[in-house]
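Report on the following structure.
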Amino acid sequence: MARLVVISKDVTAPPLELSGGWMTIGRADGNTLQIVETSVSGRHCEVRLQGEELAVRDLLSTNGTFVDGKKISEATIKPGQMLRVGDVDLCFEAAPANTELPGTSFISKMLIMNSAARDAAKAAPAKEPVAEPAAAEPADDSKKFHVLFVDDSMAFLEMFGGLCNEYANKTWAVHTATSADRALALLKEKPVDLVVLDIGMPMLDGLQLLGLITRRYPGLKTVVMTGKATEAKRADALTNGADLFLEKQLTAEGMKSTFNMLNDLVSWAHLEGFTGALRHVGLQEVIQMECNSRHSSILEIRNAELRGQIYIEAGAITHAAVGSLTGEQAFYRLMSLRGGEFQLKPFKAPAQRTIESRWEFLVMDAARATDEETVLLKKTPEPPAPGPEPEKSEHVAIGEELIEVATYDGKWKPAASGASGGVKPGPDAAPGGSK
């Protein structure tokens with residue numbers, strides 16, 4: 001298999017075995033070939049084997065990409081030619097005979113495994129004479145969500161676009177563009193539901209393109225996703241109308257979470273609940289992502305009755321306010337809402353900081369309180385269990401069993417015969433009934 005070999009002294013890096021897909025070269029983690037050298041940019045360039053030649057694209061590197069000593073933005077080299085990234089020299093070697101398949105990144109392996117699983121399922125004999133019908137693909141693209149990825153890296157577009165196609169299960173139509181002019185041309189050609197932009201692009205960067213798109217296509221959902229996230233860029237993106245600002249993820253779990261957020265954003269109009277946080281991603285997930293990334297932002301939450309804010313500062317929740325409530329009470333009140341909208345806004349320091357507890361404990365307490373409230377709401381009041389019947393007691397009205405024997409008006413006088421239904425006392429009866 002053809003490969004790129006680092007030949008500079010004092011630089012240690014394994015040979016890059018070349019396959020058919022785009023591969024990145026740079027100093028940062030996540031590159032197909034990582035070269036830890038100060039002159040190499042975090043994401044320096046990308047290469048792709050095309051037949052017996054190697055296509056090379058510079059990714060706005062600081063110190064440039066060179067072929068045979070000439071600085072290039074794009075070029076094609078042949079076996080034996082030299083490629084230099086920063087101050088590091090590499091040699092493109094032709095494929096030796098009888099070589100095995102190259103090692104692949106975990107993302108390529110994921111795509112290969114998914115493809116192999118589908119092929120195996122097609123090749124496996126059916127257990128029943130009539131196979132179950134497969135999930136039908138929409139008859140036309142109009143029934144799919146059209147998502148446009150704009151990034152100067154072909155490797156990223158190929159990799160992440162492929163993963164999103166896998167995760168979406170035929171509900172997305174993915175379009176890609178490596179430049180602003182190509183992205184604007186695609187937006188003219190067909191309706192798009194979501195645009196995902198990188199910031200670092202040649203000629204017109206992602207933030208400028210975001211401004212053009214929001215002016216020309218108001219209401220179109222937009223996301224800025226970059227590998228070089230800073231608070232300044234985050235504030236600029238949200239101020240210019242981006243619905244989300246995301247940092248590119250390097251792990252499979254992170255990429256799946258990113259897809260879930262994008263999928264919820266593009267499909268939120270057809271669901272109920274909080275805007276942009278519907279099925280897979282809720283308020284808790286947004287707070288978790290903001291705090292884990294140590295971002296600073298204001299999470300504004302509102303419904304028809306109230307509006308409140310949760311302040312996230314360098315990954316910590318420092319203040320919350322809604323109505324007359326502040327602090328943790330306000331946070332729990334906002335987290336208990338069952339419907340409405342939320343929006344991430346650029347951070348501005350609150351007038352006071354009223355929360356000191358760690359965000360993890362706050363979110364757990366809010367979730368516990370919501371669960372308990374849900375259980376109480378679902379319980380129907382049961383009628384009280386019948387208790388033992390009280391023992392029947394006979395009540396005797398005054399006068400029914402009393403016998404008038406005498407009256408007193410200063411002197412005792414015998415009662416009249418038959419008075420009050422009584423019986424005339426005998427001669428031995430004493431006045432007042434006493435002997």
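Here, A, B, ... name the chains of the structure tokens in the order displayed, residue numbers run from 1 inside each chain, and ligands are numbered from 1 in the same displayed order.
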_as a PyMOL selection string, please: every residue in region 217-337 of chain A that DSSP puts in strand (DSSP E or B)._
chain A and resi 221-226+244-247+274+277+297-302+307-313+316-322+325-326
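For region 279-323 of chain A, backbone-based DSSP assignment of helix (DSSP H, G or I) covers Leu283, Gln284, Glu285, Val286, Ile287, Gln288, Met289, Glu290, Cys291 and Asn292 of chain A.
Across A:Ala180, A:Leu246, A:Ile312, A:Met364, the tightest approach to Met335 (chain A) is made by A:Met364 when counting only C-alpha atoms.
Using only C-alpha atoms, the nearest neighbour of Glu53 (chain A) within the list A:Gly26, A:Pro414, A:Pro202, A:Gly20 is A:Gly20.
Picture a line from CA of Gly323 (chain A) to CA of Asn303 (chain A); it runs 12.6 Å.
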*Contacts of Arg216 (chain A) at 12 Å (only C-alpha atoms; same-chain gap of 5+ positions) as a ChimeraX atom specification*: /A:184,187-188,209-211
Residues within 10 Å of Asp29 (chain A), only C-alpha atoms, excluding chain neighbours under 6 positions, as an mmCIF file with all heavy atoms, in the first residue's frame:
```
data_model
loop_
_atom_site.group_PDB
_atom_site.id
_atom_site.type_symbol
_atom_site.label_atom_id
_atom_site.label_comp_id
_atom_site.auth_asym_id
_atom_site.auth_seq_id
_atom_site.Cartn_x
_atom_site.Cartn_y
_atom_site.Cartn_z
ATOM 1 N N ILE A 35 1.700 14.671 13.813
ATOM 2 C CA ILE A 35 3.117 15.030 13.862
ATOM 3 C C ILE A 35 3.282 16.092 14.935
ATOM 4 O O ILE A 35 2.852 17.240 14.767
ATOM 5 C CB ILE A 35 3.624 15.549 12.504
ATOM 6 C CG1 ILE A 35 3.393 14.506 11.409
ATOM 7 C CG2 ILE A 35 5.093 15.926 12.587
ATOM 8 C CD1 ILE A 35 3.777 14.980 10.021
ATOM 9 N N VAL A 36 3.879 15.708 16.036
ATOM 10 C CA VAL A 36 4.036 16.632 17.161
ATOM 11 C C VAL A 36 5.310 17.437 16.942
ATOM 12 O O VAL A 36 6.413 17.042 17.344
ATOM 13 C CB VAL A 36 4.085 15.853 18.496
ATOM 14 C CG1 VAL A 36 4.175 16.837 19.663
ATOM 15 C CG2 VAL A 36 2.862 14.965 18.635
ATOM 16 N N GLY A 42 -2.275 22.613 13.990
ATOM 17 C CA GLY A 42 -3.136 21.589 14.580
ATOM 18 C C GLY A 42 -3.827 20.754 13.528
ATOM 19 O O GLY A 42 -3.958 19.533 13.673
ATOM 20 N N ARG A 43 -4.305 21.404 12.481
ATOM 21 C CA ARG A 43 -4.894 20.717 11.326
ATOM 22 C C ARG A 43 -4.201 21.317 10.118
ATOM 23 O O ARG A 43 -4.599 22.333 9.593
ATOM 24 C CB ARG A 43 -6.393 21.010 11.297
ATOM 25 C CG ARG A 43 -7.277 19.841 10.953
ATOM 26 C CD ARG A 43 -8.742 20.221 11.064
ATOM 27 N NE ARG A 43 -9.042 21.573 10.645
ATOM 28 C CZ ARG A 43 -9.889 21.902 9.674
ATOM 29 N NH1 ARG A 43 -10.526 20.976 9.008
ATOM 30 N NH2 ARG A 43 -10.107 23.159 9.373
ATOM 31 N N LEU A 250 -13.936 14.434 18.782
ATOM 32 C CA LEU A 250 -12.974 13.479 18.264
ATOM 33 C C LEU A 250 -13.337 12.031 18.602
ATOM 34 O O LEU A 250 -12.738 11.108 18.052
ATOM 35 C CB LEU A 250 -11.577 13.786 18.815
ATOM 36 C CG LEU A 250 -11.010 15.172 18.477
ATOM 37 C CD1 LEU A 250 -9.650 15.350 19.131
ATOM 38 C CD2 LEU A 250 -10.906 15.366 16.967
#
```
*What is the CA of Asn63 (chain A) to CA of Lys9 (chain A) distance in Å?*
18.5 Å
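Nearest residue to Lys248 (chain A) among A:Ala320, A:Ala168, A:Phe160, A:Asp68 is A:Phe160, counting only C-alpha atoms.
Near Gly227 (chain A), within a cut-off of 12 Å and counting only C-alpha atoms, sit the residues Ala28, Asp29, Gly30, Asn31, Gly42, Arg43, Asp151, Ser153, Phe156, Leu197, Asp198, Ile199, Gly200, Lys233, Arg234, Phe245, Leu246, Glu247, Lys248, Gln249 and Leu250 of chain A, with same-chain residues fewer than 6 positions away left out.
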Keeping only N, CA and C atoms, write those residues as a short mmCIF file (atom, residue, chain, number, x, y, z; two decimals), in the first residue's frame.
```
data_model
loop_
_atom_site.label_atom_id
_atom_site.label_comp_id
_atom_site.auth_asym_id
_atom_site.auth_seq_id
_atom_site.Cartn_x
_atom_site.Cartn_y
_atom_site.Cartn_z
N ALA A 28 -2.50 18.22 16.21
CA ALA A 28 -3.51 17.95 17.23
C ALA A 28 -3.94 16.49 17.22
N ASP A 29 -4.53 16.09 18.35
CA ASP A 29 -5.13 14.77 18.42
C ASP A 29 -6.28 14.68 17.41
N GLY A 30 -6.53 13.48 16.93
CA GLY A 30 -7.63 13.27 16.00
C GLY A 30 -7.23 13.27 14.55
N ASN A 31 -6.01 13.72 14.22
CA ASN A 31 -5.54 13.64 12.84
C ASN A 31 -5.17 12.20 12.49
N GLY A 42 -2.28 22.61 13.99
CA GLY A 42 -3.14 21.59 14.58
C GLY A 42 -3.83 20.75 13.53
N ARG A 43 -4.30 21.40 12.48
CA ARG A 43 -4.89 20.72 11.33
C ARG A 43 -4.20 21.32 10.12
N ASP A 151 -17.20 23.11 4.99
CA ASP A 151 -15.92 22.96 5.69
C ASP A 151 -14.83 22.86 4.64
N SER A 153 -12.21 21.18 4.91
CA SER A 153 -11.57 19.87 4.99
C SER A 153 -12.43 18.80 4.32
N PHE A 156 -12.98 15.85 6.75
CA PHE A 156 -14.08 16.00 7.70
C PHE A 156 -15.43 15.80 7.02
N LEU A 197 -21.59 25.15 9.62
CA LEU A 197 -20.46 25.90 9.08
C LEU A 197 -19.21 25.73 9.93
N ASP A 198 -18.08 25.59 9.27
CA ASP A 198 -16.79 25.73 9.94
C ASP A 198 -16.40 27.21 9.90
N ILE A 199 -15.57 27.64 10.83
CA ILE A 199 -15.14 29.04 10.84
C ILE A 199 -13.96 29.27 9.90
N GLY A 200 -12.94 28.43 10.04
CA GLY A 200 -11.73 28.64 9.26
C GLY A 200 -11.85 28.12 7.84
N LYS A 233 -15.13 33.64 19.56
CA LYS A 233 -15.81 33.09 18.38
C LYS A 233 -17.23 32.66 18.72
N ARG A 234 -17.39 32.10 19.89
CA ARG A 234 -18.72 31.67 20.32
C ARG A 234 -19.67 32.86 20.40
N PHE A 245 -23.52 26.76 18.73
CA PHE A 245 -22.08 26.85 18.52
C PHE A 245 -21.48 25.60 19.13
N LEU A 246 -20.87 24.74 18.30
CA LEU A 246 -20.37 23.45 18.75
C LEU A 246 -18.89 23.31 18.46
N GLU A 247 -18.23 22.56 19.31
CA GLU A 247 -16.83 22.22 19.09
C GLU A 247 -16.76 20.84 18.44
N LYS A 248 -15.93 20.69 17.43
CA LYS A 248 -15.81 19.40 16.76
C LYS A 248 -15.33 18.35 17.75
N GLN A 249 -15.98 17.21 17.71
CA GLN A 249 -15.67 16.13 18.63
C GLN A 249 -14.75 15.10 17.96
N LEU A 250 -13.94 14.43 18.78
CA LEU A 250 -12.97 13.48 18.26
C LEU A 250 -13.34 12.03 18.60
#
```
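For the choices A:Ala185, A:Leu204, A:Ala252, A:Ala351, the atom-to-atom distance to Met159 (chain A) is smallest for A:Ala252 when using only C-alpha atoms.
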*Among the residues A:Ala173, A:Ala94, A:Leu49, A:Val322, the one that comes closest to Pro79 (chain A) [using only C-alpha atoms]*: A:Ala94
_List as an MDAnalysis selection string the protein and nucleic acid residues near Val196 (chain A), meaning an atom at most 8 Å away when only C-alpha atoms are counted, but skip any in the same chain fewer than 2 places from it._
chainID A and resid 147:150 194 198 222:225
Taking 2 positions as the minimum chain separation for residues in the same chain, which residues sit within 8 Å of Asp58 (chain A) when counting only C-alpha atoms? Answer as a compact mmCIF listing (two decimals) with C-alpha atoms, in the first residue's frame.
```txt
# COMPACT_ATOMS: atom_id res chain seq x y z
CA HIS A 44 -2.26 21.32 8.71
CA CYS A 45 -3.26 19.59 5.47
CA GLU A 46 -5.12 16.60 4.07
CA VAL A 56 -2.82 17.33 -1.26
CA LEU A 60 -5.02 27.26 6.11
CA SER A 61 -1.90 26.18 7.95
CA GLY A 64 2.32 26.40 4.79
CA THR A 65 2.35 23.17 2.80
CA ILE A 72 0.64 25.14 -2.53
CA SER A 73 -3.02 25.33 -1.59
CA GLU A 74 -3.86 22.26 -3.68
```
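Across the structure, CA of Cys164 (chain A) and CA of Val195 (chain A) are spaced 13.6 Å apart.
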